[in-house]
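The data block below is work_31.cif; it holds mmCIF, C-alpha atoms.
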data_run
#
loop_
_atom_site.label_atom_id
_atom_site.label_comp_id
_atom_site.auth_asym_id
_atom_site.auth_seq_id
_atom_site.Cartn_x
_atom_site.Cartn_y
_atom_site.Cartn_z
CA MET Z 1 97.08 91.59 138.64
CA PHE Z 2 93.40 92.41 138.56
CA GLY Z 3 92.41 90.56 141.72
CA ALA Z 4 91.63 92.60 144.82
CA THR Z 5 94.75 93.18 146.90
CA LYS Z 6 94.55 91.24 150.17
CA SER Z 7 97.80 92.45 151.70
CA HIS Z 8 99.92 95.57 151.79
CA LYS Z 9 102.58 94.07 149.53
CA THR Z 10 103.76 96.22 146.65
CA GLU Z 11 102.51 95.02 143.26
CA SER Z 12 105.39 94.38 140.84
CA ILE Z 13 105.01 94.85 137.09
CA ALA Z 14 107.53 94.35 134.29
CA PHE Z 15 107.14 96.22 131.03
CA VAL Z 16 108.81 94.46 128.11
CA LEU Z 17 109.52 96.96 125.33
CA VAL Z 18 109.80 95.72 121.77
CA PRO Z 19 111.61 97.84 119.13
CA LYS Z 20 109.30 100.46 117.57
CA PHE Z 21 106.95 100.19 120.56
CA SER Z 22 104.20 102.75 121.13
CA MET Z 23 105.44 105.45 123.49
CA SER Z 24 101.90 106.67 124.12
CA ALA Z 25 100.74 103.22 125.27
CA PHE Z 26 103.79 102.74 127.50
CA THR Z 27 103.61 106.11 129.24
CA ALA Z 28 99.82 105.86 129.59
CA ALA Z 29 100.37 102.60 131.48
CA VAL Z 30 103.22 103.77 133.73
CA GLU Z 31 102.00 107.20 134.81
CA PRO Z 32 98.85 105.98 136.62
CA LEU Z 33 101.05 103.68 138.72
CA ARG Z 34 103.36 106.53 139.69
CA LEU Z 35 100.40 108.73 140.58
CA ALA Z 36 98.73 105.95 142.58
CA ASN Z 37 101.85 105.84 144.76
CA TRP Z 38 102.01 109.63 145.02
CA VAL Z 39 98.32 110.19 145.80
CA SER Z 40 98.13 107.36 148.34
CA GLY Z 41 101.49 108.12 149.92
CA LYS Z 42 102.25 104.39 149.77
CA PRO Z 43 104.44 102.22 147.52
CA LEU Z 44 101.49 100.40 146.01
CA TYR Z 45 103.26 99.67 142.73
CA GLU Z 46 106.78 99.13 141.49
CA TRP Z 47 107.84 98.51 137.93
CA GLN Z 48 110.85 97.72 135.80
CA VAL Z 49 111.57 98.08 132.11
CA LEU Z 50 112.94 95.05 130.28
CA SER Z 51 114.37 94.60 126.81
CA MET Z 52 115.64 91.48 125.10
CA ASP Z 53 119.30 92.43 125.51
CA GLY Z 54 119.16 94.89 128.41
CA LEU Z 55 120.03 97.78 126.09
CA PRO Z 56 117.87 100.88 125.41
CA VAL Z 57 114.86 100.33 123.15
CA THR Z 58 113.85 102.79 120.44
CA ALA Z 59 110.17 103.67 120.26
CA SER Z 60 108.27 104.30 117.04
CA CYS Z 61 108.71 108.04 117.72
CA HIS Z 62 112.52 107.49 117.69
CA VAL Z 63 112.96 108.15 121.43
CA ASP Z 64 115.18 105.69 123.32
CA VAL Z 65 114.04 104.26 126.66
CA VAL Z 66 116.66 102.81 129.01
CA ALA Z 67 116.01 99.22 130.13
CA ASP Z 68 116.65 98.10 133.70
CA GLU Z 69 117.44 94.53 132.76
CA ALA Z 70 117.47 91.93 130.01
CA VAL Z 71 114.47 89.62 129.86
CA GLY Z 72 116.63 86.54 130.25
CA ASN Z 73 118.06 87.78 133.55
CA VAL Z 74 114.64 87.97 135.22
CA ASP Z 75 113.59 84.64 136.71
CA PHE Z 76 110.05 85.63 137.67
CA VAL Z 77 107.76 88.64 137.94
CA PRO Z 78 104.06 88.34 138.87
CA THR Z 79 102.80 90.65 136.10
CA VAL Z 80 104.26 91.24 132.63
CA ALA Z 81 103.00 93.74 130.07
CA VAL Z 82 104.54 93.52 126.59
CA CYS Z 83 104.41 96.77 124.64
CA SER Z 84 104.91 96.96 120.88
CA GLY Z 85 103.89 99.29 118.08
CA ILE Z 86 104.48 99.35 114.34
CA ASP Z 87 105.85 96.45 112.25
CA VAL Z 88 104.81 93.94 114.92
CA GLN Z 89 103.57 91.51 112.27
CA GLY Z 90 107.19 90.85 111.25
CA GLN Z 91 108.56 90.35 114.75
CA GLU Z 92 109.36 86.83 115.95
CA ASP Z 93 111.46 86.18 119.04
CA ALA Z 94 111.64 82.58 120.22
CA LYS Z 95 113.49 83.56 123.41
CA LEU Z 96 110.82 86.10 124.38
CA PHE Z 97 108.04 83.63 123.63
CA ALA Z 98 109.72 80.88 125.69
CA TRP Z 99 110.28 83.30 128.61
CA LEU Z 100 106.64 84.40 128.56
CA ARG Z 101 105.45 80.79 128.45
CA ARG Z 102 107.60 79.91 131.46
CA LEU Z 103 106.16 82.79 133.46
CA ALA Z 104 102.62 81.91 132.41
CA ALA Z 105 103.17 78.31 133.53
CA ARG Z 106 104.21 79.64 136.94
CA GLY Z 107 101.02 81.67 137.27
CA ALA Z 108 102.10 85.12 136.13
CA ASP Z 109 99.58 87.53 134.66
CA ILE Z 110 100.57 88.17 131.04
CA GLY Z 111 99.36 91.16 129.06
CA ALA Z 112 99.78 93.16 125.89
CA LEU Z 113 99.67 96.88 125.21
CA CYS Z 114 98.77 98.21 121.76
CA THR Z 115 99.82 95.74 119.04
CA ALA Z 116 101.59 93.28 121.37
CA SER Z 117 98.54 91.03 121.20
CA HIS Z 118 100.20 89.81 117.99
CA LEU Z 119 103.19 88.60 119.99
CA LEU Z 120 101.14 86.91 122.70
CA ALA Z 121 99.03 85.20 120.03
CA ARG Z 122 102.15 83.86 118.26
CA ALA Z 123 103.41 82.57 121.59
CA GLY Z 124 100.13 80.67 122.03
CA LEU Z 125 99.26 82.67 125.13
CA LEU Z 126 95.89 83.96 123.94
CA ASP Z 127 94.38 80.60 122.96
CA GLY Z 128 91.10 80.27 124.82
CA TYR Z 129 91.19 83.88 126.03
CA ARG Z 130 89.18 86.93 124.99
CA CYS Z 131 91.47 89.66 123.65
CA THR Z 132 91.66 92.93 121.75
CA ILE Z 133 94.12 95.02 119.74
CA HIS Z 134 94.30 98.50 118.19
CA TRP Z 135 91.44 99.04 115.72
CA GLU Z 136 93.83 99.59 112.82
CA ASN Z 137 95.30 96.13 113.42
CA LEU Z 138 92.01 94.31 113.98
CA PRO Z 139 91.43 93.17 110.37
CA GLY Z 140 94.92 91.71 109.97
CA PHE Z 141 94.90 90.19 113.45
CA ALA Z 142 91.57 88.46 112.85
CA GLU Z 143 92.82 87.13 109.50
CA GLU Z 144 96.03 85.74 111.04
CA PHE Z 145 94.40 84.28 114.16
CA PRO Z 146 90.85 83.29 113.16
CA HIS Z 147 90.54 80.91 116.13
CA LEU Z 148 90.89 83.68 118.74
CA ASP Z 149 88.02 85.49 120.45
CA VAL Z 150 88.86 89.05 119.36
CA THR Z 151 86.79 92.10 120.30
CA SER Z 152 86.93 95.79 119.39
CA ASP Z 153 86.72 96.90 123.03
CA ILE Z 154 89.33 99.30 124.40
CA PHE Z 155 90.76 96.64 126.72
CA GLU Z 156 90.02 93.08 127.77
CA ILE Z 157 90.68 91.26 131.04
CA ASP Z 158 90.14 87.50 130.90
CA ARG Z 159 91.44 85.66 133.96
CA ASN Z 160 95.23 86.01 133.93
CA ARG Z 161 95.44 87.65 130.50
CA PHE Z 162 94.91 91.31 129.72
CA THR Z 163 95.12 93.08 126.38
CA CYS Z 164 94.78 96.72 125.48
CA SER Z 165 94.14 98.54 122.22
CA GLY Z 166 96.88 101.11 122.81
CA GLY Z 167 97.09 104.86 123.24
CA THR Z 168 94.97 106.18 126.10
CA ALA Z 169 93.29 102.76 126.45
CA ALA Z 170 96.37 101.72 128.46
CA LEU Z 171 95.41 104.44 130.93
CA ASP Z 172 91.89 103.02 131.28
CA LEU Z 173 93.34 99.54 131.77
CA MET Z 174 95.57 100.69 134.62
CA LEU Z 175 92.83 102.76 136.22
CA LYS Z 176 90.71 99.60 136.24
CA MET Z 177 93.52 97.71 137.95
CA ILE Z 178 93.96 100.44 140.56
CA ALA Z 179 90.21 100.52 141.22
CA VAL Z 180 89.98 96.75 141.69
CA GLN Z 181 93.07 96.49 143.88
CA ASN Z 182 92.92 99.71 145.86
CA GLY Z 183 89.43 101.14 145.45
CA TYR Z 184 87.52 103.34 143.04
CA GLU Z 185 88.27 106.47 145.08
CA LEU Z 186 92.00 106.17 144.48
CA ALA Z 187 91.48 105.43 140.77
CA ALA Z 188 89.27 108.52 140.49
CA ALA Z 189 91.90 110.63 142.25
CA VAL Z 190 94.57 109.41 139.82
CA SER Z 191 92.26 110.16 136.90
CA ASP Z 192 91.71 113.65 138.29
CA GLU Z 193 95.48 114.24 138.55
CA LEU Z 194 95.76 113.31 134.88
CA ILE Z 195 92.92 115.70 133.98
CA TYR Z 196 91.15 112.65 132.56
CA GLN Z 197 87.48 113.36 132.99
CA ARG Z 198 85.94 109.95 132.35
CA MET Z 199 87.31 106.53 133.22
CA ARG Z 200 86.14 104.33 130.37
CA ASP Z 201 84.80 100.84 130.90
CA GLN Z 202 86.55 98.00 129.12
CA HIS Z 203 83.55 97.49 126.83
CA ASP Z 204 83.68 101.02 125.44
CA HIS Z 205 84.48 100.96 121.74
CA GLN Z 206 87.84 102.15 120.45
CA ARG Z 207 86.70 104.33 117.59
CA MET Z 208 84.47 107.35 117.48
CA ASN Z 209 81.08 106.73 115.94
CA LEU Z 210 80.62 107.51 112.25
CA ARG Z 211 78.94 110.83 112.93
CA GLN Z 212 81.92 112.08 114.95
CA ARG Z 213 84.51 110.52 112.67
CA LEU Z 214 83.14 111.96 109.42
CA GLY Z 215 81.69 115.19 110.75
CA ILE Z 216 78.33 114.58 109.10
CA ALA Z 217 74.91 114.01 110.63
CA HIS Z 218 72.66 112.85 107.79
CA PRO Z 219 71.19 109.57 109.14
CA LYS Z 220 70.66 107.81 105.81
CA LEU Z 221 74.14 108.66 104.58
CA LEU Z 222 75.64 107.35 107.83
CA GLU Z 223 73.56 104.19 107.49
CA VAL Z 224 74.86 103.57 103.99
CA ILE Z 225 78.48 104.08 105.06
CA GLY Z 226 77.90 101.68 107.94
CA LEU Z 227 76.62 99.09 105.46
CA MET Z 228 79.72 99.62 103.31
CA GLU Z 229 82.02 99.06 106.28
CA GLN Z 230 80.17 95.87 107.17
CA ASN Z 231 80.37 94.50 103.62
CA ILE Z 232 83.99 94.76 102.51
CA GLU Z 233 84.57 91.22 101.27
CA GLN Z 234 81.30 91.05 99.33
CA PRO Z 235 80.49 94.63 98.31
CA LEU Z 236 76.87 95.62 97.86
CA SER Z 237 75.76 97.27 94.66
CA GLN Z 238 74.84 100.95 94.69
CA ARG Z 239 71.26 99.97 93.97
CA ALA Z 240 71.18 97.57 96.93
CA LEU Z 241 72.63 100.23 99.23
CA ALA Z 242 70.04 102.77 98.13
CA GLN Z 243 67.19 100.31 98.58
CA GLN Z 244 68.32 99.47 102.12
CA VAL Z 245 67.76 103.09 103.19
CA ASP Z 246 64.72 103.81 101.00
CA LEU Z 247 66.50 106.14 98.57
CA SER Z 248 66.86 106.18 94.81
CA THR Z 249 70.36 105.74 93.40
CA ARG Z 250 70.24 109.34 92.22
CA GLN Z 251 69.37 110.59 95.70
CA LEU Z 252 72.22 108.54 97.13
CA GLU Z 253 74.67 110.02 94.63
CA ARG Z 254 73.55 113.54 95.54
CA LEU Z 255 74.11 112.86 99.25
CA PHE Z 256 77.64 111.58 98.68
CA GLN Z 257 78.52 114.50 96.41
CA LYS Z 258 77.12 117.04 98.86
CA TYR Z 259 78.77 115.70 102.03
CA LEU Z 260 81.78 113.67 100.84
CA HIS Z 261 82.50 115.21 97.41
CA ARG Z 262 82.71 111.88 95.60
CA THR Z 263 80.41 109.21 94.21
CA PRO Z 264 79.21 106.30 96.38
CA THR Z 265 81.17 103.93 94.15
CA ARG Z 266 84.38 105.90 94.63
CA TYR Z 267 83.92 106.15 98.38
CA TYR Z 268 83.26 102.40 98.63
CA LEU Z 269 86.35 101.63 96.55
CA GLU Z 270 88.56 103.84 98.73
CA LEU Z 271 87.15 102.16 101.84
CA ARG Z 272 88.07 98.72 100.48
CA LEU Z 273 91.52 99.87 99.35
CA ASN Z 274 92.30 101.33 102.79
CA HIS Z 275 91.23 98.03 104.34
CA ALA Z 276 93.49 96.23 101.88
CA ARG Z 277 96.43 98.44 102.86
CA GLN Z 278 95.99 97.44 106.50
CA LEU Z 279 96.01 93.75 105.55
CA LEU Z 280 99.09 94.16 103.37
CA MET Z 281 101.02 95.92 106.12
CA GLN Z 282 99.86 93.79 109.03
CA THR Z 283 99.63 90.24 107.68
CA SER Z 284 101.55 87.83 105.48
CA LEU Z 285 98.49 87.11 103.33
CA SER Z 286 99.20 86.83 99.61
CA VAL Z 287 98.17 89.71 97.38
CA LEU Z 288 95.46 87.50 95.92
CA SER Z 289 94.09 86.67 99.37
CA VAL Z 290 94.04 90.35 100.29
CA ALA Z 291 92.27 91.14 97.04
CA VAL Z 292 89.57 88.54 97.71
CA ALA Z 293 89.17 89.70 101.33
CA CYS Z 294 88.50 93.21 100.04
CA GLY Z 295 86.00 92.31 97.35
CA PHE Z 296 88.16 92.35 94.21
CA VAL Z 297 87.58 89.73 91.52
CA SER Z 298 91.26 89.35 90.58
CA ALA Z 299 94.74 90.24 91.79
CA SER Z 300 95.41 92.20 88.59
CA HIS Z 301 92.31 94.40 88.99
CA PHE Z 302 93.17 94.92 92.65
CA SER Z 303 96.76 95.94 91.82
CA LYS Z 304 95.57 98.37 89.16
CA CYS Z 305 93.11 100.08 91.54
CA TYR Z 306 95.65 100.08 94.35
CA ARG Z 307 98.33 101.74 92.26
CA GLU Z 308 95.93 104.39 90.97
CA HIS Z 309 94.94 105.28 94.53
CA PHE Z 310 98.21 104.97 96.47
CA GLY Z 311 100.78 105.48 93.71
CA ARG Z 312 102.41 102.08 94.21
CA THR Z 313 101.49 98.44 93.74
CA PRO Z 314 100.50 96.16 96.65
CA ARG Z 315 103.86 94.41 96.47
CA GLU Z 316 105.70 97.75 96.54
CA GLU Z 317 103.60 98.74 99.57
CA ARG Z 318 105.14 95.95 101.59
CA ARG Z 319 108.64 97.18 100.77
CA VAL Z 320 108.01 100.76 101.89
CA PRO Z 321 109.86 101.37 105.21
CA ALA Z 322 107.68 102.38 108.17
#
Kindly present the structure from the file in structure tokens form.
Amino acid sequence: MFGATKSHKTESIAFVLVPKFSMSAFTAAVEPLRLANWVSGKPLYEWQVLSMDGLPVTASCHVDVVADEAVGNVDFVPTVAVCSGIDVQGQEDAKLFAWLRRLAARGADIGALCTASHLLARAGLLDGYRCTIHWENLPGFAEEFPHLDVTSDIFEIDRNRFTCSGGTAALDLMLKMIAVQNGYELAAAVSDELIYQRMRDQHDHQRMNLRQRLGIAHPKLLEVIGLMEQNIEQPLSQRALAQQVDLSTRQLERLFQKYLHRTPTRYYLELRLNHARQLLMQTSLSVLSVAVACGFVSASHFSKCYREHFGRTPREERRVPA
């Protein structure tokens, strides 16, 4: 897929849609292909939409997309991109996994958009490959597949595997493919048609930096929050945080109250609880394991804090429909 095109053959891509897939990731991947054909005046790309049963697939936004064919009816396609979205951690499909493995054995390029890295990992198709996934799913993905080489980049291309963090990152992935196969000039023209002012490199980070994300600019406060985010499993004391940035604990408290309207301890706790929520919703880890991974000394203390913050226990969280 990402090798330079040596002939004028049309590149064929199959998009496999999984129930509750991300519509933004899917459309961001398809539209650049359509525009590459339109801008060039040539049929550079063709694509088909597959589902497990050949029936329409409902996206996470509750919009149905018509499938061209059932996965089982397609013998071979040179490039496959699986697209999923929410609740992917509970999705297992032996037939899909077997079909993907057969195509991989025959030399197909296999990829994942948004959270579909979960599916490729369960199928054993990411072993030995560098990969990525949406930032919100990174903690749970790393916990479930500790042996994989996972990055926080917006997309990854490693030989005949490609993974993408979702959303507009699928657009960057496809622009990269167009640039490699048909030249940077065409990719830039497609980007221009989409009013997309900067084609991001695969090593760009998914998330905005802390300053942009929080809307604050105080360097020492940002440094402390960065330390908190890096030390979830073994939280640092307020005194240790203050010492790291050459502040007194009182000065640190004043900064948090002024800019974030809460104490450093409260902010740190909320950060750990939000991390815990991601693990609960995206992994099958026990409540105790989640508690330990988020710096709580016991499951009971974790459950108490969780309920006070979210209004439900960790076990109830897992029963809440998406």
Would you write out, as CSV, a table of all residues in stretch 16-36 of chain Z that have an atom no more than 12 Å from an atom of stretch 49-66 of chain Z, listing for each the closest atom pair and the distance in Å to one decimal, considering only C-alpha atoms and ordering rows by chain and rising residue number?
residue,atom,partner,partner_atom,distance
Z:Val16,CA,Z:Leu50,CA,4.7
Z:Leu17,CA,Z:Ser51,CA,5.6
Z:Val18,CA,Z:Ser51,CA,6.9
Z:Pro19,CA,Z:Thr58,CA,5.6
Z:Lys20,CA,Z:Ser60,CA,4.0
Z:Phe21,CA,Z:Ala59,CA,4.8
Z:Ser22,CA,Z:Ser60,CA,6.0
Z:Met23,CA,Z:Ala59,CA,6.0
Z:Ser24,CA,Z:Cys61,CA,9.4
Z:Ala25,CA,Z:Ala59,CA,10.7
Z:Phe26,CA,Z:Ala59,CA,9.7
Z:Thr27,CA,Z:Val65,CA,10.9
Z:Val30,CA,Z:Val49,CA,10.2
| said: I want to know what sits within 10 Å of Z:Arg250, based on only C-alpha atoms, with residues of the same chain fewer than 5 positions away left out; could you give that as a list in words? | reply: Gln238, Arg239, Ala242 and Leu255 of chain Z
Once the PyMOL selection byres ((chain Z and resi 221) around 12) has been applied to the shown file, what residues remain in the selection, as a PDB file with C-alpha atoms, in the frame of the given file?
ATOM      1  CA  LEU Z 210      80.620 107.510 112.250  1.00  0.00           C
ATOM      2  CA  ARG Z 211      78.940 110.830 112.930  1.00  0.00           C
ATOM      3  CA  LEU Z 214      83.140 111.960 109.420  1.00  0.00           C
ATOM      4  CA  GLY Z 215      81.690 115.190 110.750  1.00  0.00           C
ATOM      5  CA  ILE Z 216      78.330 114.580 109.100  1.00  0.00           C
ATOM      6  CA  ALA Z 217      74.910 114.010 110.630  1.00  0.00           C
ATOM      7  CA  HIS Z 218      72.660 112.850 107.790  1.00  0.00           C
ATOM      8  CA  PRO Z 219      71.190 109.570 109.140  1.00  0.00           C
ATOM      9  CA  LYS Z 220      70.660 107.810 105.810  1.00  0.00           C
ATOM     10  CA  LEU Z 222      75.640 107.350 107.830  1.00  0.00           C
ATOM     11  CA  GLU Z 223      73.560 104.190 107.490  1.00  0.00           C
ATOM     12  CA  VAL Z 224      74.860 103.570 103.990  1.00  0.00           C
ATOM     13  CA  ILE Z 225      78.480 104.080 105.060  1.00  0.00           C
ATOM     14  CA  GLY Z 226      77.900 101.680 107.940  1.00  0.00           C
ATOM     15  CA  LEU Z 227      76.620  99.090 105.460  1.00  0.00           C
ATOM     16  CA  MET Z 228      79.720  99.620 103.310  1.00  0.00           C
ATOM     17  CA  LEU Z 241      72.630 100.230  99.230  1.00  0.00           C
ATOM     18  CA  ALA Z 242      70.040 102.770  98.130  1.00  0.00           C
ATOM     19  CA  GLN Z 244      68.320  99.470 102.120  1.00  0.00           C
ATOM     20  CA  VAL Z 245      67.760 103.090 103.190  1.00  0.00           C
ATOM     21  CA  ASP Z 246      64.720 103.810 101.000  1.00  0.00           C
ATOM     22  CA  LEU Z 247      66.500 106.140  98.570  1.00  0.00           C
ATOM     23  CA  GLN Z 251      69.370 110.590  95.700  1.00  0.00           C
ATOM     24  CA  LEU Z 252      72.220 108.540  97.130  1.00  0.00           C
ATOM     25  CA  GLU Z 253      74.670 110.020  94.630  1.00  0.00           C
ATOM     26  CA  ARG Z 254      73.550 113.540  95.540  1.00  0.00           C
ATOM     27  CA  LEU Z 255      74.110 112.860  99.250  1.00  0.00           C
ATOM     28  CA  PHE Z 256      77.640 111.580  98.680  1.00  0.00           C
ATOM     29  CA  GLN Z 257      78.520 114.500  96.410  1.00  0.00           C
ATOM     30  CA  LYS Z 258      77.120 117.040  98.860  1.00  0.00           C
ATOM     31  CA  TYR Z 259      78.770 115.700 102.030  1.00  0.00           C
ATOM     32  CA  LEU Z 260      81.780 113.670 100.840  1.00  0.00           C
ATOM     33  CA  PRO Z 264      79.210 106.300  96.380  1.00  0.00           C
ATOM     34  CA  TYR Z 267      83.920 106.150  98.380  1.00  0.00           C
TER      35      TYR Z 267
END
| field | Shortest interatomic distance to Z:Cys164 - which of Z:Glu144, Z:Asn37, Z:Gly72, Z:Ala29, counting all atoms listed in the file | value | Z:Ala29
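When the PyMOL selection byres ((chain Z and resi 156) around 8) is evaluated against the file, it yields Arg130, Cys131, Thr132, Asp153, Ile154, Phe155, Ile157, Asp158, Phe162, Thr163, Cys164, Gln202 and His203 of chain Z.
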Repaired coordinates for stretch 76-98 of chain Z (N, CA and C atoms) as a PDB file, in the frame of the given file:
ATOM      1  N   PHE Z  76     111.493  85.584 137.526  1.00  0.00           N
ATOM      2  CA  PHE Z  76     110.050  85.630 137.670  1.00  0.00           C
ATOM      3  C   PHE Z  76     109.601  87.022 138.059  1.00  0.00           C
ATOM      4  N   VAL Z  77     108.432  87.407 137.545  1.00  0.00           N
ATOM      5  CA  VAL Z  77     107.760  88.640 137.940  1.00  0.00           C
ATOM      6  C   VAL Z  77     106.261  88.339 137.859  1.00  0.00           C
ATOM      7  N   PRO Z  78     105.471  88.745 138.840  1.00  0.00           N
ATOM      8  CA  PRO Z  78     104.060  88.340 138.870  1.00  0.00           C
ATOM      9  C   PRO Z  78     103.203  88.891 137.739  1.00  0.00           C
ATOM     10  N   THR Z  79     103.592  90.045 137.183  1.00  0.00           N
ATOM     11  CA  THR Z  79     102.800  90.650 136.100  1.00  0.00           C
ATOM     12  C   THR Z  79     103.740  91.168 135.019  1.00  0.00           C
ATOM     13  N   VAL Z  80     103.454  90.807 133.778  1.00  0.00           N
ATOM     14  CA  VAL Z  80     104.260  91.240 132.630  1.00  0.00           C
ATOM     15  C   VAL Z  80     103.347  91.891 131.604  1.00  0.00           C
ATOM     16  N   ALA Z  81     103.730  93.059 131.137  1.00  0.00           N
ATOM     17  CA  ALA Z  81     103.000  93.740 130.070  1.00  0.00           C
ATOM     18  C   ALA Z  81     103.968  93.978 128.912  1.00  0.00           C
ATOM     19  N   VAL Z  82     103.712  93.345 127.784  1.00  0.00           N
ATOM     20  CA  VAL Z  82     104.540  93.520 126.590  1.00  0.00           C
ATOM     21  C   VAL Z  82     103.978  94.687 125.792  1.00  0.00           C
ATOM     22  N   CYS Z  83     104.845  95.590 125.387  1.00  0.00           N
ATOM     23  CA  CYS Z  83     104.410  96.770 124.640  1.00  0.00           C
ATOM     24  C   CYS Z  83     105.118  96.813 123.288  1.00  0.00           C
ATOM     25  N   SER Z  84     104.337  96.838 122.220  1.00  0.00           N
ATOM     26  CA  SER Z  84     104.910  96.960 120.880  1.00  0.00           C
ATOM     27  C   SER Z  84     104.173  98.056 120.134  1.00  0.00           C
ATOM     28  N   GLY Z  85     104.505  98.221 118.864  1.00  0.00           N
ATOM     29  CA  GLY Z  85     103.890  99.290 118.080  1.00  0.00           C
ATOM     30  C   GLY Z  85     103.819  98.905 116.620  1.00  0.00           C
ATOM     31  N   ILE Z  86     104.545  99.613 115.772  1.00  0.00           N
ATOM     32  CA  ILE Z  86     104.480  99.350 114.340  1.00  0.00           C
ATOM     33  C   ILE Z  86     105.377  98.167 113.963  1.00  0.00           C
ATOM     34  N   ASP Z  87     105.092  97.573 112.805  1.00  0.00           N
ATOM     35  CA  ASP Z  87     105.850  96.450 112.250  1.00  0.00           C
ATOM     36  C   ASP Z  87     105.818  95.200 113.130  1.00  0.00           C
ATOM     37  N   VAL Z  88     104.838  95.090 114.015  1.00  0.00           N
ATOM     38  CA  VAL Z  88     104.810  93.940 114.920  1.00  0.00           C
ATOM     39  C   VAL Z  88     104.558  92.643 114.177  1.00  0.00           C
ATOM     40  N   GLN Z  89     103.899  92.720 113.008  1.00  0.00           N
ATOM     41  CA  GLN Z  89     103.570  91.510 112.270  1.00  0.00           C
ATOM     42  C   GLN Z  89     104.825  90.793 111.785  1.00  0.00           C
ATOM     43  N   GLY Z  90     105.960  91.481 111.708  1.00  0.00           N
ATOM     44  CA  GLY Z  90     107.190  90.850 111.250  1.00  0.00           C
ATOM     45  C   GLY Z  90     108.125  90.452 112.378  1.00  0.00           C
ATOM     46  N   GLN Z  91     107.681  90.608 113.613  1.00  0.00           N
ATOM     47  CA  GLN Z  91     108.560  90.350 114.750  1.00  0.00           C
ATOM     48  C   GLN Z  91     108.328  88.956 115.328  1.00  0.00           C
ATOM     49  N   GLU Z  92     109.381  88.169 115.355  1.00  0.00           N
ATOM     50  CA  GLU Z  92     109.360  86.830 115.950  1.00  0.00           C
ATOM     51  C   GLU Z  92     110.563  86.735 116.881  1.00  0.00           C
ATOM     52  N   ASP Z  93     110.359  86.330 118.108  1.00  0.00           N
ATOM     53  CA  ASP Z  93     111.460  86.180 119.040  1.00  0.00           C
ATOM     54  C   ASP Z  93     111.217  84.950 119.902  1.00  0.00           C
ATOM     55  N   ALA Z  94     111.842  83.854 119.525  1.00  0.00           N
ATOM     56  CA  ALA Z  94     111.640  82.580 120.220  1.00  0.00           C
ATOM     57  C   ALA Z  94     112.007  82.666 121.695  1.00  0.00           C
ATOM     58  N   LYS Z  95     113.067  83.443 122.014  1.00  0.00           N
ATOM     59  CA  LYS Z  95     113.490  83.560 123.410  1.00  0.00           C
ATOM     60  C   LYS Z  95     112.440  84.298 124.238  1.00  0.00           C
ATOM     61  N   LEU Z  96     111.875  85.366 123.675  1.00  0.00           N
ATOM     62  CA  LEU Z  96     110.820  86.100 124.380  1.00  0.00           C
ATOM     63  C   LEU Z  96     109.606  85.212 124.582  1.00  0.00           C
ATOM     64  N   PHE Z  97     109.204  84.487 123.532  1.00  0.00           N
ATOM     65  CA  PHE Z  97     108.040  83.630 123.630  1.00  0.00           C
ATOM     66  C   PHE Z  97     108.239  82.544 124.690  1.00  0.00           C
ATOM     67  N   ALA Z  98     109.431  81.935 124.708  1.00  0.00           N
ATOM     68  CA  ALA Z  98     109.720  80.880 125.690  1.00  0.00           C
ATOM     69  C   ALA Z  98     109.702  81.439 127.102  1.00  0.00           C
TER      70      ALA Z  98
END
